[in-house]
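*Asks:* Sharing final.pdb here; it has PDB, C-alpha atoms, pLDDT in the B column.
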MODEL        1
ATOM      1  CA  MET A  23       8.127   1.233   6.546  1.00 54.00           C
ATOM      2  CA  PRO A  24      10.276  -0.374   3.846  1.00 54.00           C
ATOM      3  CA  ASN A  25      12.437   1.950   1.795  1.00 60.00           C
ATOM      4  CA  ASN A  26      11.547   0.736  -1.706  1.00 62.00           C
ATOM      5  CA  THR A  27      11.092   3.200  -4.554  1.00 65.00           C
ATOM      6  CA  VAL A  28       8.982   3.182  -7.698  1.00 63.00           C
ATOM      7  CA  GLU A  29      10.100   5.939 -10.038  1.00 67.00           C
ATOM      8  CA  ILE A  30       8.015   7.559 -12.758  1.00 65.00           C
ATOM      9  CA  HIS A  31      10.373   8.722 -15.529  1.00 66.00           C
ATOM     10  CA  GLY A  32       9.787  11.661 -17.852  1.00 65.00           C
ATOM     11  CA  LEU A  33       8.552  14.156 -15.284  1.00 69.00           C
ATOM     12  CA  ASP A  34      11.601  16.470 -15.266  1.00 77.00           C
ATOM     13  CA  GLU A  35      10.363  18.890 -17.946  1.00 74.00           C
ATOM     14  CA  LEU A  36       6.855  18.911 -16.538  1.00 71.00           C
ATOM     15  CA  HIS A  37       8.270  19.389 -13.036  1.00 73.00           C
ATOM     16  CA  ALA A  38      10.101  22.528 -14.190  1.00 78.00           C
ATOM     17  CA  LYS A  39       6.845  24.013 -15.527  1.00 75.00           C
ATOM     18  CA  PHE A  40       4.960  22.962 -12.426  1.00 76.00           C
ATOM     19  CA  ARG A  41       7.386  24.850 -10.142  1.00 81.00           C
ATOM     20  CA  LYS A  42       5.543  27.993 -11.206  1.00 84.00           C
ATOM     21  CA  PHE A  43       2.383  26.682  -9.507  1.00 87.00           C
ATOM     22  CA  PRO A  44       3.593  25.037  -6.290  1.00 87.00           C
ATOM     23  CA  VAL A  45       0.303  25.011  -4.376  1.00 87.00           C
ATOM     24  CA  GLN A  46      -1.831  23.377  -7.056  1.00 88.00           C
ATOM     25  CA  VAL A  47       0.895  20.966  -8.083  1.00 88.00           C
ATOM     26  CA  ALA A  48       1.747  19.831  -4.568  1.00 89.00           C
ATOM     27  CA  ARG A  49      -1.921  19.255  -3.793  1.00 92.00           C
ATOM     28  CA  ASN A  50      -2.613  17.305  -6.985  1.00 94.00           C
ATOM     29  CA  VAL A  51       0.584  15.248  -7.009  1.00 92.00           C
ATOM     30  CA  GLY A  52      -0.110  14.315  -3.396  1.00 95.00           C
ATOM     31  CA  GLN A  53      -3.676  13.324  -4.290  1.00 97.00           C
ATOM     32  CA  ALA A  54      -2.363  11.225  -7.172  1.00 97.00           C
ATOM     33  CA  GLY A  55       0.009   9.373  -4.866  1.00 97.00           C
ATOM     34  CA  VAL A  56      -2.645   8.755  -2.224  1.00 98.00           C
ATOM     35  CA  GLU A  57      -5.135   7.547  -4.842  1.00 98.00           C
ATOM     36  CA  ALA A  58      -2.567   5.239  -6.428  1.00 98.00           C
ATOM     37  CA  GLY A  59      -1.615   3.854  -3.035  1.00 97.00           C
ATOM     38  CA  LYS A  60      -5.123   3.336  -1.691  1.00 98.00           C
ATOM     39  CA  ASP A  61      -7.072   2.462  -4.832  1.00 98.00           C
ATOM     40  CA  VAL A  62      -4.492   0.659  -6.958  1.00 98.00           C
ATOM     41  CA  ILE A  63      -1.878  -0.905  -4.699  1.00 97.00           C
ATOM     42  CA  LEU A  64      -3.680  -1.662  -1.439  1.00 97.00           C
ATOM     43  CA  LYS A  65      -6.835  -3.061  -3.038  1.00 97.00           C
ATOM     44  CA  THR A  66      -4.787  -5.930  -4.447  1.00 96.00           C
ATOM     45  CA  LYS A  67      -5.687  -9.293  -2.944  1.00 96.00           C
ATOM     46  CA  GLY A  68      -3.026 -10.249  -0.430  1.00 97.00           C
ATOM     47  CA  LEU A  69      -2.358  -6.753   0.913  1.00 97.00           C
ATOM     48  CA  GLN A  70      -5.067  -4.749   2.700  1.00 95.00           C
ATOM     49  CA  ASN A  71      -7.501  -7.087   0.972  1.00 93.00           C
ATOM     50  CA  TYR A  72      -6.492 -10.126   3.035  1.00 94.00           C
ATOM     51  CA  ALA A  73      -5.347 -13.397   1.544  1.00 94.00           C
ATOM     52  CA  SER A  74      -7.837 -16.228   1.985  1.00 95.00           C
ATOM     53  CA  ALA A  75      -8.036 -17.858   5.408  1.00 95.00           C
ATOM     54  CA  THR A  76      -6.301 -21.202   5.828  1.00 95.00           C
ATOM     55  CA  SER A  77      -6.464 -24.077   8.283  1.00 95.00           C
ATOM     56  CA  ALA A  78      -4.276 -21.946  10.589  1.00 94.00           C
ATOM     57  CA  ASN A  79      -7.363 -19.745  11.088  1.00 96.00           C
ATOM     58  CA  LYS A  80      -9.662 -22.611  12.202  1.00 96.00           C
ATOM     59  CA  PRO A  81      -9.854 -25.037  15.134  1.00 97.00           C
ATOM     60  CA  PRO A  82      -8.348 -27.100  16.618  1.00 97.00           C
ATOM     61  CA  THR A  83      -6.292 -24.993  19.002  1.00 97.00           C
ATOM     62  CA  PRO A  84      -3.996 -23.298  18.685  1.00 97.00           C
ATOM     63  CA  TYR A  85      -5.302 -21.250  15.773  1.00 97.00           C
ATOM     64  CA  TYR A  86      -5.298 -17.586  14.806  1.00 96.00           C
ATOM     65  CA  ILE A  87      -8.494 -15.545  14.698  1.00 96.00           C
ATOM     66  CA  ARG A  88      -7.955 -12.531  12.477  1.00 94.00           C
ATOM     67  CA  SER A  89      -8.352  -9.179  14.246  1.00 93.00           C
ATOM     68  CA  VAL A  90      -8.386 -10.977  17.616  1.00 96.00           C
ATOM     69  CA  GLY A  91      -5.325 -13.164  18.113  1.00 96.00           C
ATOM     70  CA  THR A  92      -4.168 -16.688  18.878  1.00 97.00           C
ATOM     71  CA  GLN A  93      -6.798 -18.980  20.363  1.00 98.00           C
ATOM     72  CA  THR A  94      -4.812 -21.248  22.697  1.00 98.00           C
ATOM     73  CA  SER A  95      -7.764 -23.105  24.237  1.00 97.00           C
ATOM     74  CA  ALA A  96     -11.545 -23.034  24.104  1.00 95.00           C
ATOM     75  CA  ALA A  97     -11.552 -20.322  26.781  1.00 97.00           C
ATOM     76  CA  HIS A  98      -8.362 -18.335  26.142  1.00 98.00           C
ATOM     77  CA  ASN A  99      -7.152 -16.027  23.382  1.00 98.00           C
ATOM     78  CA  LEU A 100      -3.818 -14.187  23.571  1.00 98.00           C
ATOM     79  CA  MET A 101      -5.465 -11.061  22.076  1.00 97.00           C
ATOM     80  CA  ASN A 102      -2.246 -10.478  20.133  1.00 96.00           C
ATOM     81  CA  SER A 103      -3.652  -9.272  16.819  1.00 96.00           C
ATOM     82  CA  GLU A 104      -2.479  -5.858  15.680  1.00 96.00           C
ATOM     83  CA  ASN A 105      -5.266  -5.654  13.075  1.00 95.00           C
ATOM     84  CA  MET A 106      -2.770  -5.527  10.218  1.00 95.00           C
ATOM     85  CA  GLY A 107      -5.489  -4.664   7.695  1.00 94.00           C
ATOM     86  CA  ARG A 108      -6.098  -1.379   9.516  1.00 95.00           C
ATOM     87  CA  LYS A 109      -2.409  -0.527   9.928  1.00 97.00           C
ATOM     88  CA  TRP A 110      -1.761   0.571   6.353  1.00 98.00           C
ATOM     89  CA  VAL A 111      -0.430   4.091   5.963  1.00 98.00           C
ATOM     90  CA  VAL A 112      -0.438   6.104   2.738  1.00 98.00           C
ATOM     91  CA  LYS A 113       1.225   9.521   3.066  1.00 97.00           C
ATOM     92  CA  ALA A 114       2.165  12.050   0.421  1.00 94.00           C
ATOM     93  CA  HIS A 115       5.282  14.164   0.939  1.00 89.00           C
ATOM     94  CA  GLY A 116       5.737  16.551  -1.959  1.00 78.00           C
ATOM     95  CA  TRP A 117       6.546  14.498  -5.031  1.00 82.00           C
ATOM     96  CA  GLN A 118       6.782  11.249  -3.072  1.00 90.00           C
ATOM     97  CA  THR A 119       4.169   8.991  -1.572  1.00 95.00           C
ATOM     98  CA  ARG A 120       4.926   6.318   1.005  1.00 96.00           C
ATOM     99  CA  VAL A 121       2.823   3.217   1.363  1.00 97.00           C
ATOM    100  CA  GLY A 122       3.509   0.909   4.273  1.00 97.00           C
ATOM    101  CA  ASN A 123       2.139  -1.055   7.175  1.00 97.00           C
ATOM    102  CA  ILE A 124       3.019  -0.261  10.788  1.00 97.00           C
ATOM    103  CA  ALA A 125       2.030  -3.624  12.299  1.00 96.00           C
ATOM    104  CA  SER A 126       5.132  -5.039  13.980  1.00 96.00           C
ATOM    105  CA  TYR A 127       4.990  -8.253  11.960  1.00 95.00           C
ATOM    106  CA  SER A 128       4.152  -6.734   8.558  1.00 96.00           C
ATOM    107  CA  LYS A 129       7.722  -7.122   7.245  1.00 97.00           C
ATOM    108  CA  TRP A 130       7.284 -10.910   7.460  1.00 97.00           C
ATOM    109  CA  VAL A 131       3.929 -10.731   5.693  1.00 97.00           C
ATOM    110  CA  HIS A 132       4.353  -7.926   3.107  1.00 97.00           C
ATOM    111  CA  GLY A 133       8.010  -6.925   3.149  1.00 97.00           C
ATOM    112  CA  GLU A 134      11.139  -8.114   1.422  1.00 96.00           C
ATOM    113  CA  GLU A 135      11.722 -10.329   4.477  1.00 96.00           C
ATOM    114  CA  GLN A 136       8.429 -12.121   3.820  1.00 97.00           C
ATOM    115  CA  ALA A 137       8.267 -15.566   5.406  1.00 97.00           C
ATOM    116  CA  ALA A 138       8.068 -18.251   2.709  1.00 96.00           C
ATOM    117  CA  ALA A 139       4.829 -19.592   4.208  1.00 95.00           C
ATOM    118  CA  MET A 140       3.130 -16.188   3.807  1.00 96.00           C
ATOM    119  CA  GLY A 141       3.777 -16.033   0.078  1.00 96.00           C
ATOM    120  CA  LYS A 142       2.575 -19.609  -0.378  1.00 96.00           C
ATOM    121  CA  ILE A 143      -0.805 -18.849   1.181  1.00 96.00           C
ATOM    122  CA  GLY A 144      -1.462 -15.699  -0.830  1.00 97.00           C
ATOM    123  CA  TRP A 145       0.081 -12.748   1.003  1.00 97.00           C
ATOM    124  CA  ARG A 146       1.808 -10.350  -1.388  1.00 98.00           C
ATOM    125  CA  LYS A 147       4.977  -8.305  -1.049  1.00 98.00           C
ATOM    126  CA  LEU A 148       4.163  -4.604  -1.231  1.00 97.00           C
ATOM    127  CA  TYR A 149       7.043  -3.794  -3.560  1.00 96.00           C
ATOM    128  CA  ASP A 150       6.131  -6.605  -5.971  1.00 97.00           C
ATOM    129  CA  VAL A 151       2.566  -5.320  -6.181  1.00 97.00           C
ATOM    130  CA  ALA A 152       3.768  -1.758  -6.822  1.00 96.00           C
ATOM    131  CA  LYS A 153       5.989  -2.967  -9.690  1.00 96.00           C
ATOM    132  CA  GLU A 154       3.177  -5.111 -11.081  1.00 97.00           C
ATOM    133  CA  LYS A 155       0.695  -2.232 -10.985  1.00 97.00           C
ATOM    134  CA  ILE A 156       2.982   0.421 -12.482  1.00 96.00           C
ATOM    135  CA  GLY A 157       0.729   0.855 -15.538  1.00 96.00           C
ATOM    136  CA  ALA A 158      -2.327   1.516 -13.380  1.00 97.00           C
ATOM    137  CA  ILE A 159      -0.291   3.845 -11.149  1.00 96.00           C
ATOM    138  CA  GLN A 160       0.830   5.812 -14.214  1.00 95.00           C
ATOM    139  CA  LYS A 161      -2.812   6.149 -15.326  1.00 97.00           C
ATOM    140  CA  VAL A 162      -3.697   7.675 -11.969  1.00 97.00           C
ATOM    141  CA  TYR A 163      -0.810  10.139 -12.214  1.00 94.00           C
ATOM    142  CA  ASN A 164      -1.679  10.962 -15.842  1.00 94.00           C
ATOM    143  CA  LYS A 165      -5.241  11.792 -14.778  1.00 97.00           C
ATOM    144  CA  TRP A 166      -3.972  14.124 -12.029  1.00 95.00           C
ATOM    145  CA  VAL A 167      -1.388  15.739 -14.318  1.00 90.00           C
ATOM    146  CA  ALA A 168      -4.138  16.471 -16.860  1.00 93.00           C
ATOM    147  CA  LYS A 169      -6.299  17.945 -14.088  1.00 94.00           C
ATOM    148  CA  THR A 170      -3.387  20.101 -12.942  1.00 91.00           C
ATOM    149  CA  LEU A 171      -2.694  21.323 -16.476  1.00 89.00           C
ATOM    150  CA  ARG A 172      -6.355  22.332 -16.839  1.00 92.00           C
ATOM    151  CA  GLU A 173      -6.355  24.104 -13.449  1.00 90.00           C
ATOM    152  CA  ILE A 174      -3.261  26.170 -14.200  1.00 86.00           C
ATOM    153  CA  GLY A 175      -4.286  26.926 -17.785  1.00 84.00           C
ATOM    154  CA  LEU A 176      -1.644  24.934 -19.649  1.00 78.00           C
ATOM    155  CA  LYS A 177      -4.190  22.703 -21.382  1.00 73.00           C
TER     156      LYS A 177
ENDMDL
END
Could the structure of this file be written out as structure tokens, please?

*Replies:*
Amino acid sequence: MPNNTVEIHGLDELHAKFRKFPVQVARNVGQAGVEAGKDVILKTKGLQNYASATSANKPPTPYYIRSVGTQTSAAHNLMNSENMGRKWVVKAHGWQTRVGNIASYSKWVHGEEQAAAMGKIGWRKLYDVAKEKIGAIQKVYNKWVAKTLREIGLK
């Protein structure tokens, strides 16, 4: 997965208070990251929500059938799809959450090495979407911080 980082500033003081409640905090911060990844970032058109099909996805041969592979003739398909839409991974690790795609070709579709043609037809770079959605991501974290504060009696 790409090693891009989106940082949320202003958590140092809160982090110090939260160290007193490691179980609740770890659980809730992890849930915030997973929710932000799955519900904010990945639902963006051009990521897990595929870009619109193009002429490359329709006859004549060769053409690419999503979730199947390259149709090389009326009777033969290479069966080379990795089902990129199902290869997204969102994992929380303490105060960090990683969002990425494990399909072998995802770096040319969603990564910083994105092929120019992919961007032109509507595929989005993961990092660009994360930067664009930072306000919505912060709202998710704010909701989970408030929940945590209520659970540990600080609010």

*Asks:* Got a sec to resolve the PyMOL selection byres ((chain A and resi 82-88) around 10) on this structure and send the residues as a ChimeraX atom specification?

*Replies:* /A:72,75-81,89-96,98-107

*Asks:* Which of these residues is nearest to Trp166 of chain A, using all atoms listed in the file: A:Val47, A:Leu69, A:Ala54, A:Met140?

*Replies:*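 Using all atoms listed in the file, the shortest distance to Trp166 of chain A belongs to A:Ala54.
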
*Asks:* Dig up all the protein and nucleic acid residues within 10 Å of (4.5, 9.4, -5.5) in the file frame, using all atoms listed in the file, and format them as a PyMOL selection string.

*Replies:* chain A and resi 27-30+51-59+113-121+159+163

*Asks:* Calculated over all atoms listed in the file, which of the candidates A:Val111, A:Lys161, A:Ile63, A:Ile124 has the smallest distance to Tyr149 of chain A?

*Replies:* A:Ile63

*Asks:* Pick the closest to Gly144 of chain A from A:Ala73, A:Ile156, A:Leu171, A:Val62: which is it, counting all atoms listed in the file?

*Replies:*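 The answer is A:Ala73, which sits nearest to Gly144 of chain A.
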
*Asks:* Any idea what the distance is between atom CA of Lys155 of chain A and atom CA of Thr66 of chain A?

*Replies:* 9.3 Å

*Asks:* Between atom CA of Ser126 of chain A and atom CA of Asp61 of chain A, what is the distance, to one decimal in Å?

*Replies:*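 Atom CA of Ser126 of chain A sits 23.6 Å away from atom CA of Asp61 of chain A.
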
*Asks:* Restricting the calculation to all atoms listed in the file, which member of A:Lys129, A:Lys177, A:Val45, A:Gly68 is positioned closest to Ile143 of chain A?

*Replies:*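 Using all atoms listed in the file, the shortest distance to Ile143 of chain A belongs to A:Gly68.
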
*Asks:* Using only C-alpha atoms, which residue out of A:Lys67, A:Arg108, A:Arg49, A:Lys169 lies closest to Val151 of chain A?

*Replies:* A:Lys67

*Asks:* Would you compute an axis-aligned box for segment 55-64 of chain A, covering every atom listed for it in the file with 3 Å of margin on each side, and report centre and edge lengths in Å to one decimal as JSON?

*Replies:*
{"center_x": -3.5, "center_y": 3.9, "center_z": -4.2, "size_x": 13.1, "size_y": 17.0, "size_z": 11.5}

*Asks:* Separation of atom CA of Gly133 of chain A and atom CA of Asp150 of chain A, in Å?

*Replies:* 9.3 Å

*Asks:* Rank A:His37, A:Lys42, A:Arg172, A:Arg146 by their smallest atom-to-atom distance to Lys65 of chain A, using all atoms listed in the file, and report the top residue only.

*Replies:*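 That would be A:Arg146, the residue with the smallest distance to Lys65 of chain A.
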